[in-house]
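File shown here: target_5.cif, holding mmCIF, C-alpha atoms.
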data_target
#
loop_
_atom_site.group_PDB
_atom_site.id
_atom_site.type_symbol
_atom_site.label_atom_id
_atom_site.label_comp_id
_atom_site.auth_asym_id
_atom_site.auth_seq_id
_atom_site.Cartn_x
_atom_site.Cartn_y
_atom_site.Cartn_z
ATOM 1 C CA MET A 1 126.522 104.861 128.953
ATOM 2 C CA GLY A 2 124.190 106.905 126.917
ATOM 3 C CA ALA A 3 127.243 108.545 125.364
ATOM 4 C CA VAL A 4 130.814 107.816 124.331
ATOM 5 C CA PRO A 5 133.671 108.984 126.617
ATOM 6 C CA ARG A 6 135.441 112.101 125.482
ATOM 7 C CA LYS A 7 138.181 111.597 122.917
ATOM 8 C CA PRO A 8 141.549 111.035 124.604
ATOM 9 C CA ILE A 9 144.194 113.719 124.137
ATOM 10 C CA ASP A 10 147.592 112.516 122.961
ATOM 11 C CA VAL A 11 150.296 113.752 125.325
ATOM 12 C CA PRO A 12 153.937 112.695 125.904
ATOM 13 C CA PHE A 13 154.817 110.075 128.504
ATOM 14 C CA GLY A 14 156.448 112.577 130.862
ATOM 15 C CA ARG A 15 153.307 114.697 131.154
ATOM 16 C CA ASN A 16 151.477 112.184 133.330
ATOM 17 C CA TYR A 17 153.856 109.277 134.085
ATOM 18 C CA VAL A 18 157.193 108.318 135.613
ATOM 19 C CA PRO A 19 159.169 105.037 135.516
ATOM 20 C CA THR A 20 158.919 102.941 138.669
ATOM 21 C CA TRP A 21 161.607 100.254 138.243
ATOM 22 C CA ALA A 22 164.330 99.076 135.848
ATOM 23 C CA PHE A 23 164.565 102.523 134.259
ATOM 24 C CA ASP A 24 167.050 101.272 131.647
ATOM 25 C CA HIS A 25 164.417 98.879 130.286
ATOM 26 C CA ILE A 26 162.203 101.765 129.104
ATOM 27 C CA LYS A 27 163.110 103.242 125.701
ATOM 28 C CA TYR A 28 161.850 106.636 124.483
ATOM 29 C CA PHE A 29 161.002 107.702 120.930
ATOM 30 C CA ASN A 30 159.702 110.837 119.177
ATOM 31 C CA GLY A 31 160.406 113.145 122.067
ATOM 32 C CA GLY A 32 158.743 110.837 124.578
ATOM 33 C CA SER A 33 155.448 110.575 122.704
ATOM 34 C CA GLU A 34 156.080 106.833 122.338
ATOM 35 C CA ILE A 35 157.864 104.397 124.654
ATOM 36 C CA GLN A 36 158.793 100.722 124.728
ATOM 37 C CA LEU A 37 158.949 98.445 127.767
ATOM 38 C CA HIS A 38 161.597 95.718 127.499
ATOM 39 C CA LEU A 39 161.557 92.370 129.302
ATOM 40 C CA ASP A 40 164.585 90.085 129.437
ATOM 41 C CA LYS A 41 165.639 87.216 131.694
ATOM 42 C CA TYR A 42 166.912 89.684 134.283
ATOM 43 C CA THR A 43 163.946 92.015 134.704
ATOM 44 C CA GLY A 44 160.821 93.591 133.320
ATOM 45 C CA THR A 45 159.838 97.197 133.934
ATOM 46 C CA GLY A 46 156.909 99.493 134.606
ATOM 47 C CA PHE A 47 155.637 103.016 135.158
ATOM 48 C CA GLN A 48 152.884 104.809 137.046
ATOM 49 C CA SER A 49 151.075 108.102 137.073
ATOM 50 C CA LYS A 50 152.515 111.086 138.856
ATOM 51 C CA GLY A 51 149.200 111.725 140.549
ATOM 52 C CA SER A 52 146.526 109.700 142.289
ATOM 53 C CA TYR A 53 142.899 109.938 141.301
ATOM 54 C CA LEU A 54 139.346 109.591 142.482
ATOM 55 C CA PHE A 55 137.266 108.717 139.392
ATOM 56 C CA GLY A 56 137.945 109.575 135.780
ATOM 57 C CA HIS A 57 138.832 108.290 132.310
ATOM 58 C CA PHE A 58 142.221 106.631 131.803
ATOM 59 C CA SER A 59 143.330 105.676 128.310
ATOM 60 C CA MET A 60 146.411 104.436 126.494
ATOM 61 C CA GLN A 61 147.305 102.993 123.111
ATOM 62 C CA ILE A 62 149.307 99.765 123.333
ATOM 63 C CA LYS A 63 150.986 97.464 120.824
ATOM 64 C CA LEU A 64 151.590 94.131 122.536
ATOM 65 C CA VAL A 65 154.617 91.835 122.436
ATOM 66 C CA PRO A 66 154.671 90.151 118.996
ATOM 67 C CA GLY A 67 155.599 86.573 118.125
ATOM 68 C CA ASP A 68 156.217 84.017 120.856
ATOM 69 C CA SER A 69 155.102 85.906 123.976
ATOM 70 C CA ALA A 70 154.234 82.885 126.162
ATOM 71 C CA GLY A 71 154.780 83.523 129.863
ATOM 72 C CA THR A 72 154.711 87.314 129.571
ATOM 73 C CA VAL A 73 152.083 89.674 130.947
ATOM 74 C CA THR A 74 151.540 93.222 129.749
ATOM 75 C CA ALA A 75 149.363 95.110 132.215
ATOM 76 C CA PHE A 76 147.352 98.317 132.294
ATOM 77 C CA TYR A 77 145.691 98.952 135.627
ATOM 78 C CA LEU A 78 144.607 101.163 138.475
ATOM 79 C CA SER A 79 145.890 100.145 141.888
ATOM 80 C CA SER A 80 145.879 101.288 145.505
ATOM 81 C CA GLN A 81 148.966 101.738 147.637
ATOM 82 C CA ASN A 82 147.363 101.011 150.956
ATOM 83 C CA SER A 83 147.466 97.798 152.989
ATOM 84 C CA GLU A 84 144.062 96.690 151.678
ATOM 85 C CA HIS A 85 144.750 96.115 148.005
ATOM 86 C CA ASP A 86 142.271 97.547 145.488
ATOM 87 C CA GLU A 87 142.776 97.320 141.748
ATOM 88 C CA ILE A 88 141.109 97.518 138.316
ATOM 89 C CA ASP A 89 142.993 95.412 135.756
ATOM 90 C CA PHE A 90 143.673 94.939 132.098
ATOM 91 C CA GLU A 91 146.145 92.009 131.808
ATOM 92 C CA PHE A 92 147.262 90.727 128.408
ATOM 93 C CA LEU A 93 148.473 87.136 128.680
ATOM 94 C CA GLY A 94 151.073 86.161 126.111
ATOM 95 C CA ASN A 95 150.920 83.001 124.031
ATOM 96 C CA ARG A 96 152.882 80.869 121.585
ATOM 97 C CA THR A 97 153.318 82.172 118.047
ATOM 98 C CA GLY A 98 150.103 81.830 116.082
ATOM 99 C CA GLN A 99 147.898 81.522 119.164
ATOM 100 C CA PRO A 100 145.666 84.443 120.147
ATOM 101 C CA TYR A 101 146.312 86.752 123.053
ATOM 102 C CA ILE A 102 144.020 86.425 126.048
ATOM 103 C CA LEU A 103 142.792 89.542 127.802
ATOM 104 C CA GLN A 104 141.986 89.090 131.475
ATOM 105 C CA THR A 105 140.228 91.735 133.550
ATOM 106 C CA ASN A 106 139.743 91.681 137.289
ATOM 107 C CA VAL A 107 138.628 93.935 140.123
ATOM 108 C CA PHE A 108 140.193 93.721 143.600
ATOM 109 C CA THR A 109 138.609 95.205 146.710
ATOM 110 C CA GLY A 110 140.175 94.968 150.138
ATOM 111 C CA GLY A 111 142.720 92.461 148.832
ATOM 112 C CA LYS A 112 140.103 90.171 147.314
ATOM 113 C CA GLY A 113 139.848 89.641 143.571
ATOM 114 C CA ASP A 114 138.382 86.447 142.079
ATOM 115 C CA ARG A 115 136.329 88.445 139.556
ATOM 116 C CA GLU A 116 138.206 87.291 136.486
ATOM 117 C CA GLN A 117 136.803 87.540 133.000
ATOM 118 C CA ARG A 118 138.846 86.304 130.036
ATOM 119 C CA ILE A 119 138.335 86.887 126.344
ATOM 120 C CA PHE A 120 140.127 86.301 123.052
ATOM 121 C CA LEU A 121 140.686 89.580 121.228
ATOM 122 C CA TRP A 122 138.982 89.866 117.826
ATOM 123 C CA PHE A 123 142.045 91.494 116.225
ATOM 124 C CA ASP A 124 145.821 91.077 116.280
ATOM 125 C CA PRO A 125 147.002 93.401 119.080
ATOM 126 C CA THR A 126 150.676 93.100 118.068
ATOM 127 C CA THR A 127 150.720 94.592 114.564
ATOM 128 C CA SER A 128 149.377 98.071 115.347
ATOM 129 C CA TYR A 129 148.288 100.237 118.242
ATOM 130 C CA HIS A 130 144.874 99.747 119.846
ATOM 131 C CA SER A 131 143.204 101.867 122.497
ATOM 132 C CA TYR A 132 142.392 100.508 125.946
ATOM 133 C CA SER A 133 140.687 102.575 128.599
ATOM 134 C CA VAL A 134 138.869 102.523 131.917
ATOM 135 C CA LEU A 135 135.943 104.776 132.759
ATOM 136 C CA TRP A 136 135.401 104.883 136.526
ATOM 137 C CA ASN A 137 132.741 106.932 138.274
ATOM 138 C CA LEU A 138 130.308 106.661 141.179
ATOM 139 C CA TYR A 139 128.063 104.321 139.233
ATOM 140 C CA MET A 140 130.187 101.865 137.288
ATOM 141 C CA ILE A 141 133.536 100.695 136.000
ATOM 142 C CA VAL A 142 133.723 100.179 132.243
ATOM 143 C CA HIS A 143 136.624 98.525 130.384
ATOM 144 C CA LEU A 144 136.771 99.815 126.809
ATOM 145 C CA ILE A 145 138.639 98.449 123.809
ATOM 146 C CA GLY A 146 138.958 100.779 120.826
ATOM 147 C CA GLY A 147 140.046 100.312 117.240
ATOM 148 C CA ARG A 148 143.265 101.136 115.481
ATOM 149 C CA ASN A 149 142.341 104.787 115.520
ATOM 150 C CA GLN A 150 140.092 105.913 118.324
ATOM 151 C CA ARG A 151 139.437 109.169 116.532
ATOM 152 C CA THR A 152 137.384 107.409 113.871
ATOM 153 C CA GLN A 153 136.183 104.189 115.452
ATOM 154 C CA LEU A 154 133.733 103.982 118.314
ATOM 155 C CA ALA A 155 135.166 102.116 121.267
ATOM 156 C CA ASP A 156 133.715 98.665 121.868
ATOM 157 C CA VAL A 157 132.380 98.004 125.350
ATOM 158 C CA TYR A 158 134.158 95.008 126.791
ATOM 159 C CA THR A 159 132.927 94.657 130.343
ATOM 160 C CA LYS A 160 130.939 96.729 132.804
ATOM 161 C CA GLN A 161 130.947 96.178 136.530
ATOM 162 C CA ILE A 162 128.479 98.027 138.714
ATOM 163 C CA ILE A 163 130.128 99.354 141.837
ATOM 164 C CA GLU A 164 127.171 98.741 144.119
ATOM 165 C CA ARG A 165 128.198 95.116 144.477
ATOM 166 C CA LEU A 166 131.325 96.254 146.300
ATOM 167 C CA TRP A 167 129.517 98.487 148.758
ATOM 168 C CA GLY A 168 129.118 95.875 151.456
ATOM 169 C CA GLU A 169 132.676 94.579 151.094
ATOM 170 C CA TRP A 170 134.268 97.983 151.415
ATOM 171 C CA GLY A 171 131.953 99.123 154.184
ATOM 172 C CA GLY A 172 131.421 102.417 152.405
ATOM 173 C CA ASN A 173 135.147 103.106 152.134
ATOM 174 C CA VAL A 174 136.689 104.052 148.830
ATOM 175 C CA ASP A 175 140.331 104.458 147.882
ATOM 176 C CA THR A 176 141.994 106.703 145.366
ATOM 177 C CA LEU A 177 143.839 105.142 142.467
ATOM 178 C CA TYR A 178 147.053 105.892 140.708
ATOM 179 C CA CYS A 179 147.095 105.845 136.950
ATOM 180 C CA ALA A 180 150.219 104.386 135.412
ATOM 181 C CA SER A 181 151.281 102.188 132.568
ATOM 182 C CA CYS A 182 148.788 99.740 133.844
ATOM 183 C CA GLN A 183 148.163 100.085 137.558
ATOM 184 C CA ILE A 184 145.786 101.710 140.019
ATOM 185 C CA LEU A 185 146.722 102.650 143.561
ATOM 186 C CA CYS A 186 144.188 103.669 146.131
ATOM 187 C CA GLY A 187 143.618 105.562 149.337
ATOM 188 C CA ARG A 188 140.602 105.396 151.643
ATOM 189 C CA ARG A 189 137.436 107.301 151.672
ATOM 190 C CA SER A 190 135.139 108.186 154.561
ATOM 191 C CA ASP A 191 131.703 106.625 154.925
ATOM 192 C CA THR A 192 130.195 110.090 155.080
ATOM 193 C CA GLY A 193 131.824 111.256 151.868
ATOM 194 C CA VAL A 194 130.601 108.242 149.954
ATOM 195 C CA GLN A 195 127.077 108.367 151.292
ATOM 196 C CA GLU A 196 126.710 112.061 150.611
ATOM 197 C CA GLN A 197 127.678 111.450 146.992
ATOM 198 C CA GLN A 198 125.519 108.339 146.764
ATOM 199 C CA GLY A 199 128.629 106.615 145.532
ATOM 200 C CA PHE A 200 128.438 103.053 144.304
ATOM 201 C CA GLY A 201 131.496 103.532 142.111
ATOM 202 C CA SER A 202 133.366 104.975 144.995
ATOM 203 C CA GLU A 203 133.754 101.579 146.467
ATOM 204 C CA ILE A 204 137.039 101.079 144.836
ATOM 205 C CA PRO A 205 139.819 102.639 146.843
ATOM 206 C CA ILE A 206 140.173 106.334 146.812
ATOM 207 C CA GLN A 207 143.006 107.959 144.847
ATOM 208 C CA PRO A 208 144.601 105.105 142.958
ATOM 209 C CA THR A 209 147.424 105.578 140.516
ATOM 210 C CA HIS A 210 147.328 104.491 136.918
ATOM 211 C CA ASP A 211 150.111 102.059 136.083
ATOM 212 C CA SER A 212 151.504 99.794 133.409
ATOM 213 C CA SER A 213 154.111 97.069 133.358
ATOM 214 C CA LEU A 214 155.656 94.176 131.447
ATOM 215 C CA TRP A 215 156.912 91.192 133.414
ATOM 216 C CA ASN A 216 157.528 87.451 133.400
ATOM 217 C CA ALA A 217 154.660 85.385 134.821
ATOM 218 C CA ASP A 218 155.313 81.983 133.280
ATOM 219 C CA ASP A 219 154.198 80.254 136.477
ATOM 220 C CA TRP A 220 150.570 81.048 135.537
ATOM 221 C CA ALA A 221 150.083 83.308 132.515
ATOM 222 C CA THR A 222 150.008 80.826 129.605
ATOM 223 C CA ARG A 223 147.979 77.628 129.915
ATOM 224 C CA GLY A 224 148.153 77.846 133.681
ATOM 225 C CA GLY A 225 151.951 77.838 133.683
ATOM 226 C CA LEU A 226 152.456 74.883 131.331
ATOM 227 C CA GLU A 227 154.021 77.113 128.668
ATOM 228 C CA LYS A 228 157.254 78.725 129.874
ATOM 229 C CA THR A 229 158.953 81.863 128.617
ATOM 230 C CA ASP A 230 161.439 81.190 125.820
ATOM 231 C CA TRP A 231 164.271 83.517 126.768
ATOM 232 C CA SER A 232 166.014 82.964 123.440
ATOM 233 C CA LYS A 233 163.296 85.274 122.028
ATOM 234 C CA ALA A 234 164.155 88.113 124.445
ATOM 235 C CA PRO A 235 163.951 91.025 124.669
ATOM 236 C CA PHE A 236 160.150 91.048 124.657
ATOM 237 C CA ILE A 237 158.882 94.505 123.750
ATOM 238 C CA ALA A 238 155.536 96.226 124.346
ATOM 239 C CA SER A 239 154.957 99.710 122.911
ATOM 240 C CA TYR A 240 152.845 102.555 124.307
ATOM 241 C CA LYS A 241 151.630 105.992 123.243
ATOM 242 C CA SER A 242 148.786 108.484 123.858
ATOM 243 C CA PHE A 243 149.192 108.727 127.635
ATOM 244 C CA HIS A 244 145.801 110.187 128.461
ATOM 245 C CA ILE A 245 144.463 110.892 131.955
ATOM 246 C CA ASP A 246 141.286 112.856 132.601
ATOM 247 C CA GLY A 247 140.638 112.302 136.282
ATOM 248 C CA CYS A 248 139.902 113.985 139.563
ATOM 249 C CA GLU A 249 143.369 114.249 141.042
ATOM 250 C CA ALA A 250 143.495 114.135 144.822
ATOM 251 C CA SER A 251 145.727 113.098 147.683
ATOM 252 C CA VAL A 252 145.488 109.591 149.070
ATOM 253 C CA GLN A 253 143.882 111.044 152.194
ATOM 254 C CA ALA A 254 141.136 112.883 150.295
ATOM 255 C CA ASN A 255 137.556 112.156 151.351
ATOM 256 C CA PHE A 256 135.884 113.325 148.150
ATOM 257 C CA CYS A 257 136.493 114.864 144.755
ATOM 258 C CA ALA A 258 136.197 118.647 144.972
ATOM 259 C CA THR A 259 134.535 118.760 141.552
ATOM 260 C CA GLN A 260 132.199 115.809 142.173
ATOM 261 C CA GLY A 261 129.043 116.094 140.104
ATOM 262 C CA LYS A 262 130.554 118.670 137.740
ATOM 263 C CA ARG A 263 132.752 116.502 135.508
ATOM 264 C CA TRP A 264 131.506 114.967 132.267
ATOM 265 C CA TRP A 265 131.699 111.415 133.640
ATOM 266 C CA ASP A 266 129.353 112.376 136.506
ATOM 267 C CA GLN A 267 126.471 113.169 134.187
ATOM 268 C CA LYS A 268 123.379 111.008 133.679
ATOM 269 C CA GLU A 269 124.444 109.612 130.311
ATOM 270 C CA PHE A 270 127.442 107.959 131.985
ATOM 271 C CA GLN A 271 125.516 106.185 134.739
ATOM 272 C CA ASP A 272 124.765 103.081 132.670
ATOM 273 C CA LEU A 273 125.276 101.608 129.215
ATOM 274 C CA ASP A 274 122.730 102.353 126.533
ATOM 275 C CA ALA A 275 120.969 99.700 124.438
ATOM 276 C CA TYR A 276 123.599 99.714 121.685
ATOM 277 C CA GLN A 277 126.456 99.371 124.163
ATOM 278 C CA TYR A 278 124.726 96.475 125.884
ATOM 279 C CA ARG A 279 124.408 94.762 122.493
ATOM 280 C CA ARG A 280 128.138 95.253 121.898
ATOM 281 C CA LEU A 281 128.847 93.834 125.329
ATOM 282 C CA GLN A 282 126.684 90.817 124.552
ATOM 283 C CA TRP A 283 128.548 90.350 121.253
ATOM 284 C CA VAL A 284 131.803 90.019 123.186
ATOM 285 C CA ARG A 285 130.199 87.723 125.752
ATOM 286 C CA THR A 286 128.791 85.422 123.078
ATOM 287 C CA LYS A 287 131.652 85.212 120.594
ATOM 288 C CA PHE A 288 134.893 85.825 122.485
ATOM 289 C CA THR A 289 134.481 85.091 126.194
ATOM 290 C CA ILE A 290 136.367 82.015 127.406
ATOM 291 C CA TYR A 291 135.880 82.507 131.148
ATOM 292 C CA ASN A 292 133.455 84.556 133.220
ATOM 293 C CA TYR A 293 133.335 84.175 136.986
ATOM 294 C CA CYS A 294 129.639 85.033 136.828
ATOM 295 C CA THR A 295 128.933 81.688 135.127
ATOM 296 C CA ASP A 296 131.330 79.590 137.237
ATOM 297 C CA LYS A 297 128.914 77.711 139.475
ATOM 298 C CA VAL A 298 131.694 75.635 141.041
ATOM 299 C CA ARG A 299 133.424 78.714 142.469
ATOM 300 C CA TYR A 300 130.165 80.583 142.988
ATOM 301 C CA PRO A 301 127.207 78.270 143.746
ATOM 302 C CA VAL A 302 125.312 81.437 144.650
ATOM 303 C CA LEU A 303 125.328 83.974 141.831
ATOM 304 C CA PRO A 304 127.224 87.154 142.813
ATOM 305 C CA VAL A 305 124.766 90.010 143.040
ATOM 306 C CA GLU A 306 126.695 92.220 140.613
ATOM 307 C CA CYS A 307 126.349 89.598 137.894
ATOM 308 C CA LYS A 308 122.594 90.045 137.905
ATOM 309 C CA ARG A 309 122.938 93.797 137.791
ATOM 310 C CA ASP A 310 125.418 93.621 134.917
ATOM 311 C CA ARG A 311 123.233 91.313 132.816
ATOM 312 C CA ASP A 312 126.116 88.850 132.620
ATOM 313 C CA ILE A 313 123.906 85.783 132.478
#
Spit out the file's structure as structure tokens when you get a sec.
Amino acid sequence: MGAVPRKPIDVPFGRNYVPTWAFDHIKYFNGGSEIQLHLDKYTGTGFQSKGSYLFGHFSMQIKLVPGDSAGTVTAFYLSSQNSEHDEIDFEFLGNRTGQPYILQTNVFTGGKGDREQRIFLWFDPTTSYHSYSVLWNLYMIVHLIGGRNQRTQLADVYTKQIIERLWGEWGGNVDTLYCASCQILCGRRSDTGVQEQQGFGSEIPIQPTHDSSLWNADDWATRGGLEKTDWSKAPFIASYKSFHIDGCEASVQANFCATQGKRWWDQKEFQDLDAYQYRRLQWVRTKFTIYNYCTDKVRYPVLPVECKRDRDI
């Protein structure tokens, strides 16, 4: 991007989100401007956006489960609700006390993921709030990690994934996504609508929701399932605030965004990263990346086309 996404606006949880399961495991503070998700041996919990969206900027400040969090996963994602699963993920994989959190991102299209990238975070995500956001437009998907205070610290680019790589897989169809405490839900988009808008980014399902959740995943989350959740440490608590959504809201059946081309994320400066942002991306790749599917020649003897476009190797 030749520019930084607009500053998120802090709004209460109830403005944009609703609980989706285990309502009693969500705790509210300061008039709903801050919430906690609780995980115990009986259940986790989650929430999702009230609306579904086709493109936009989705941001939240999260303070992850402190201490021994092995086996837990705190998620922030966009996800489709149709039969062909589409999703854009932030997944924070818990670890034993003293060991760093691992952040895993992934992109699913038509039920197929296998685009994992994993990094160690360069800060302690459990002691204070940090900003995490997704910028999604016709041209790219960008995962952003901000500082303790996004008002004063420029967000660091974590990973960028050009949408064009998904064009063939989705056959020109795009779904809408829901925005919730870490989830995106999608609908489908017509070939005509995508082609008219020259949409590479539209290859992720139309109208997803934005979601978030905290759950037990000790069969895979920590050291491939070797480290199990220690329930004597429960409840595990993740905290959230600044529930920002700036997206094109549309029904799951929508074929296009009515304001396409007019929103700030449609403009030229948001069609690619600039030189500084690419350097920040390379900094993360060099110093903190522990797995990148683009460099896994066992799984991918032939380099995925998007990896070349994203300068991942």
For a test of reading the model, state the distance in Å between CA of Ala3 in chain A and CA of Met140 in chain A, rounded to one decimal.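 Atom-to-atom, CA of Ala3 in chain A to CA of Met140 in chain A, that is 14.0 Å.
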Write out as an MDAnalysis selection string each polymer residue whose atoms come within 12 Å of Gly224 in chain A, counting all atoms listed in the file; drop sequence neighbours fewer than 5 positions from it. chainID A and resid 70:71 93:95 217:219
Expand the PyMOL selection byres ((chain A and resi 118-120) around 6) into the individual residues it matches in the shown file, reporting them as a PyMOL selection string. chain A and resi 102-104+117+121+288-291
Report as a CSV table (one decimal) with C-alpha atoms, in the frame of the given file all protein, DNA and RNA residues lying within 7 Å of range 54-63 of chain A, evaluated on only C-alpha atoms, omitting residues in the same chain fewer than 4 positions from it.
chain,number,residue,atom,x,y,z
A,8,PRO,CA,141.5,111.0,124.6
A,125,PRO,CA,147.0,93.4,119.1
A,126,THR,CA,150.7,93.1,118.1
A,127,THR,CA,150.7,94.6,114.6
A,128,SER,CA,149.4,98.1,115.3
A,129,TYR,CA,148.3,100.2,118.2
A,130,HIS,CA,144.9,99.7,119.8
A,131,SER,CA,143.2,101.9,122.5
A,132,TYR,CA,142.4,100.5,125.9
A,133,SER,CA,140.7,102.6,128.6
A,134,VAL,CA,138.9,102.5,131.9
A,135,LEU,CA,135.9,104.8,132.8
A,136,TRP,CA,135.4,104.9,136.5
A,137,ASN,CA,132.7,106.9,138.3
A,176,THR,CA,142.0,106.7,145.4
A,177,LEU,CA,143.8,105.1,142.5
A,206,ILE,CA,140.2,106.3,146.8
A,207,GLN,CA,143.0,108.0,144.8
A,208,PRO,CA,144.6,105.1,143.0
A,238,ALA,CA,155.5,96.2,124.3
A,239,SER,CA,155.0,99.7,122.9
A,240,TYR,CA,152.8,102.6,124.3
A,241,LYS,CA,151.6,106.0,123.2
A,242,SER,CA,148.8,108.5,123.9
A,243,PHE,CA,149.2,108.7,127.6
A,244,HIS,CA,145.8,110.2,128.5
A,245,ILE,CA,144.5,110.9,132.0
A,246,ASP,CA,141.3,112.9,132.6
A,247,GLY,CA,140.6,112.3,136.3
A,248,CYS,CA,139.9,114.0,139.6
A,249,GLU,CA,143.4,114.2,141.0
A,250,ALA,CA,143.5,114.1,144.8
A,257,CYS,CA,136.5,114.9,144.8
A,265,TRP,CA,131.7,111.4,133.6
Can you spell out as an mmCIF file with C-alpha atoms, in the frame of the given file the set of residues that the PyMOL selection byres ((chain A and resi 87) around 7) selects in the structure I just provided?
data_model
loop_
_atom_site.group_PDB
_atom_site.id
_atom_site.type_symbol
_atom_site.label_atom_id
_atom_site.label_comp_id
_atom_site.auth_asym_id
_atom_site.auth_seq_id
_atom_site.Cartn_x
_atom_site.Cartn_y
_atom_site.Cartn_z
ATOM 1 C CA TYR A 77 145.691 98.952 135.627
ATOM 2 C CA LEU A 78 144.607 101.163 138.475
ATOM 3 C CA SER A 79 145.890 100.145 141.888
ATOM 4 C CA SER A 80 145.879 101.288 145.505
ATOM 5 C CA HIS A 85 144.750 96.115 148.005
ATOM 6 C CA ASP A 86 142.271 97.547 145.488
ATOM 7 C CA ILE A 88 141.109 97.518 138.316
ATOM 8 C CA ASP A 89 142.993 95.412 135.756
ATOM 9 C CA VAL A 107 138.628 93.935 140.123
ATOM 10 C CA PHE A 108 140.193 93.721 143.600
ATOM 11 C CA THR A 109 138.609 95.205 146.710
ATOM 12 C CA ILE A 184 145.786 101.710 140.019
ATOM 13 C CA LEU A 185 146.722 102.650 143.561
#
Quote the spacing between CA of Tyr276 in chain A and CA of Ile141 in chain A in Å to one decimal place.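 If I compute the distance from CA of Tyr276 in chain A to CA of Ile141 in chain A, I get 17.5 Å.
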Translate the PyMOL selection byres ((chain A and resi 32-45) around 8) into a concrete residue list for this structure, as a ChimeraX atom specification. /A:11-14,20-23,25-31,46-47,213-216,231,234-242
Go ahead and write the selection's residues with C-alpha atoms as a PDB file, in the coordinates of the input.
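Here's the written file part-v6.pdb:
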ATOM      1  CA  VAL A  11     150.296 113.752 125.325  1.00  0.00           C
ATOM      2  CA  PRO A  12     153.937 112.695 125.904  1.00  0.00           C
ATOM      3  CA  PHE A  13     154.817 110.075 128.504  1.00  0.00           C
ATOM      4  CA  GLY A  14     156.448 112.577 130.862  1.00  0.00           C
ATOM      5  CA  THR A  20     158.919 102.941 138.669  1.00  0.00           C
ATOM      6  CA  TRP A  21     161.607 100.254 138.243  1.00  0.00           C
ATOM      7  CA  ALA A  22     164.330  99.076 135.848  1.00  0.00           C
ATOM      8  CA  PHE A  23     164.565 102.523 134.259  1.00  0.00           C
ATOM      9  CA  HIS A  25     164.417  98.879 130.286  1.00  0.00           C
ATOM     10  CA  ILE A  26     162.203 101.765 129.104  1.00  0.00           C
ATOM     11  CA  LYS A  27     163.110 103.242 125.701  1.00  0.00           C
ATOM     12  CA  TYR A  28     161.850 106.636 124.483  1.00  0.00           C
ATOM     13  CA  PHE A  29     161.002 107.702 120.930  1.00  0.00           C
ATOM     14  CA  ASN A  30     159.702 110.837 119.177  1.00  0.00           C
ATOM     15  CA  GLY A  31     160.406 113.145 122.067  1.00  0.00           C
ATOM     16  CA  GLY A  46     156.909  99.493 134.606  1.00  0.00           C
ATOM     17  CA  PHE A  47     155.637 103.016 135.158  1.00  0.00           C
ATOM     18  CA  SER A 213     154.111  97.069 133.358  1.00  0.00           C
ATOM     19  CA  LEU A 214     155.656  94.176 131.447  1.00  0.00           C
ATOM     20  CA  TRP A 215     156.912  91.192 133.414  1.00  0.00           C
ATOM     21  CA  ASN A 216     157.528  87.451 133.400  1.00  0.00           C
ATOM     22  CA  TRP A 231     164.271  83.517 126.768  1.00  0.00           C
ATOM     23  CA  ALA A 234     164.155  88.113 124.445  1.00  0.00           C
ATOM     24  CA  PRO A 235     163.951  91.025 124.669  1.00  0.00           C
ATOM     25  CA  PHE A 236     160.150  91.048 124.657  1.00  0.00           C
ATOM     26  CA  ILE A 237     158.882  94.505 123.750  1.00  0.00           C
ATOM     27  CA  ALA A 238     155.536  96.226 124.346  1.00  0.00           C
ATOM     28  CA  SER A 239     154.957  99.710 122.911  1.00  0.00           C
ATOM     29  CA  TYR A 240     152.845 102.555 124.307  1.00  0.00           C
ATOM     30  CA  LYS A 241     151.630 105.992 123.243  1.00  0.00           C
ATOM     31  CA  SER A 242     148.786 108.484 123.858  1.00  0.00           C
TER      32      SER A 242
END
Quick check, in Å to one decimal: how far apart do CA of Ser69 in chain A and CA of His143 in chain A lie?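 Atom-to-atom, CA of Ser69 in chain A and CA of His143 in chain A are spaced 23.3 Å apart.
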Set the distance at 10 Å and use all atoms listed in the file: which residues neighbour Leu303 in chain A once local chain neighbours fewer than 4 positions away are removed? I'd like the list as a short mmCIF file (atom, residue, chain, number, x, y, z; two decimals) with C-alpha atoms, keeping the file's coordinate frame.
data_model
loop_
_atom_site.label_atom_id
_atom_site.label_comp_id
_atom_site.auth_asym_id
_atom_site.auth_seq_id
_atom_site.Cartn_x
_atom_site.Cartn_y
_atom_site.Cartn_z
CA TYR A 293 133.34 84.18 136.99
CA CYS A 294 129.64 85.03 136.83
CA THR A 295 128.93 81.69 135.13
CA ASP A 296 131.33 79.59 137.24
CA LYS A 297 128.91 77.71 139.48
CA ARG A 299 133.42 78.71 142.47
CA CYS A 307 126.35 89.60 137.89
CA LYS A 308 122.59 90.04 137.90
CA ILE A 313 123.91 85.78 132.48
#
Would you mind listing what lies within 8 Å of Gly67 in chain A as JSON, numbers by chain, with all atoms listed in the file counted and same-chain residues fewer than 6 positions away left out? {"A": [96, 97, 98]}
To box range 68-87 of chain A, take all atoms listed in the file, fit an axis-aligned box, add 8 Å on each side, and give centre and edge lengths in Å to one decimal, as lines of an AutoDock Vina configuration file.
center_x = 149.2
center_y = 92.3
center_z = 136.9
size_x = 29.9
size_y = 34.9
size_z = 48.1
Of the residues A:Thr222, A:Leu281, A:Val298, A:Leu144, which is the one nearest to Val73 in chain A, using only C-alpha atoms? A:Thr222
